[in-house]
Amino acid sequence: MGFLNSSIGRKVVMSLTGLFLISFLVVHLAVNLLTLVSAEAFNSAAHFMATNPLIQVMQYVLALGFIFHIIQGINLTLKNKQARPVGYAVNKPSANSSISSRSMIITGLLVLLFLILHLKDYFWEIKFDDMNGHATDYDLVVSLFKNPMYVLLYVFSFILLGVHLNHGFQSAFQSVGFNHNKYTPVIKTISTVFCIVIAAGFSLIAIYFFIN
């Protein structure tokens, strides 16, 4: 428990849960991109995700991962503020850190609010409700993206997620020991590409079904 309560321990837990959630995003995007292939492909994948016993167990692991990540994120922010309660006399944030690193707590909380809405509109409807009267998961997804305000909110939220990921991806690897002059630039490049792919991929789905 001493390690988990230490600054390094909190960062390691934050990093490991973050990397776990990143792996979930990759799978989630891959499944959702099947909506652009066909209704049958997406519905088959959605049925598999909903009936596979391992994935059902992983839902709870994922939920715990989110909870730990959120708690540790807030905890780290508060600890950092306590450690430096008074700002520097001359403070130039832009010279010392990126926008994504300075806005982690803000983007994280905004993404959390969107996640709650997302769970209500999809997970809750599919799992516990009548899917707003739609026959299949595909029909539910398509119907939601006919609302222009929902599409704007969706795209904006995934841009925020991309900003959050840009710093989170890099710092996660640094916290678990991948911090080297040779590898850090590569990790930063992969991080930038990854966050763009995630934000653009999910946004593409929303925009495509709104236009079509």
# chains A, B, ... in the order shown; residues from 1 in each chain; ligands from 1

$ residues_around --residues "range 142-154 of chain A" --least-positions-apart "3" --cutoff "12 Å" --atoms "only C-alpha atoms" --output "number ranges by chain"
A: 32, 35-36, 38-39, 42, 110-111, 113-115, 117-118, 121-122, 125, 131-139, 157-161, 199-212

$ residues_around --residues "Ser100 in chain A" --least-positions-apart "5" --cutoff "9 Å" --atoms "only C-alpha atoms" --output "list in words"
Thr107, Val163, His164, Leu165, Asn166, His167 and Gly168 of chain A

$ atom_distance --atom1 "CA of Gly65 in chain A" --atom2 "CA of Ile187 in chain A"
22.8 Å

$ residues_around --residues "Phe169 in chain A" --least-positions-apart "4" --cutoff "9 Å" --atoms "only C-alpha atoms" --output "tab-separated table (two decimals) with N, CA and C atoms, in the first residue's frame"
chain	number	residue	atom	x	y	z
A	15	SER	N	-0.98	5.24	-15.23
A	15	SER	CA	-0.45	4.87	-16.54
A	15	SER	C	-1.00	3.51	-16.98
A	18	GLY	N	-4.58	3.74	-17.80
A	18	GLY	CA	-4.70	4.51	-19.04
A	18	GLY	C	-4.40	3.66	-20.26
A	19	LEU	N	-3.32	2.86	-20.19
A	19	LEU	CA	-2.97	1.97	-21.30
A	19	LEU	C	-4.03	0.91	-21.53
A	22	ILE	N	-6.81	2.62	-23.31
A	22	ILE	CA	-6.41	2.87	-24.69
A	22	ILE	C	-6.63	1.62	-25.54
A	164	HIS	N	-6.69	14.75	-24.86
A	164	HIS	CA	-6.39	14.06	-23.60
A	164	HIS	C	-5.42	12.91	-23.85
A	165	LEU	N	-5.66	12.15	-24.91
A	165	LEU	CA	-4.81	11.00	-25.22
A	165	LEU	C	-3.40	11.41	-25.61
A	173	PHE	N	3.77	5.78	-20.96
A	173	PHE	CA	4.99	5.04	-21.25
A	173	PHE	C	6.17	5.55	-20.42
A	174	GLN	N	6.22	6.84	-20.21
A	174	GLN	CA	7.30	7.40	-19.40
A	174	GLN	C	7.21	6.91	-17.96
A	187	ILE	N	7.86	7.62	-29.37
A	187	ILE	CA	6.62	7.50	-28.61
A	187	ILE	C	5.74	8.72	-28.81
A	188	LYS	N	6.35	9.90	-28.85
A	188	LYS	CA	5.58	11.13	-29.08
A	188	LYS	C	4.92	11.13	-30.45
A	190	ILE	N	4.13	8.42	-32.28
A	190	ILE	CA	3.07	7.41	-32.26
A	190	ILE	C	1.86	7.94	-31.51
A	191	SER	N	2.10	8.66	-30.42
A	191	SER	CA	1.02	9.22	-29.62
A	191	SER	C	0.19	10.20	-30.44
A	192	THR	N	0.86	11.08	-31.19
A	192	THR	CA	0.15	12.07	-32.00
A	192	THR	C	-0.68	11.39	-33.08
A	194	PHE	N	-1.76	8.29	-33.07
A	194	PHE	CA	-2.81	7.50	-32.43
A	194	PHE	C	-4.01	8.37	-32.05
A	195	CYS	N	-3.75	9.51	-31.41
A	195	CYS	CA	-4.86	10.35	-30.95
A	195	CYS	C	-5.63	10.92	-32.13

$ residues_around --residues "Ile67 in chain A" --least-positions-apart "3" --cutoff "12 Å" --atoms "only C-alpha atoms" --output "JSON, numbers by chain"
{"A": [13, 14, 17, 18, 21, 60, 61, 62, 63, 64, 70, 71, 72, 73, 74, 112]}

$ atom_distance --atom1 "CA of Gln59 in chain A" --atom2 "CA of Ile126 in chain A"
14.3 Å
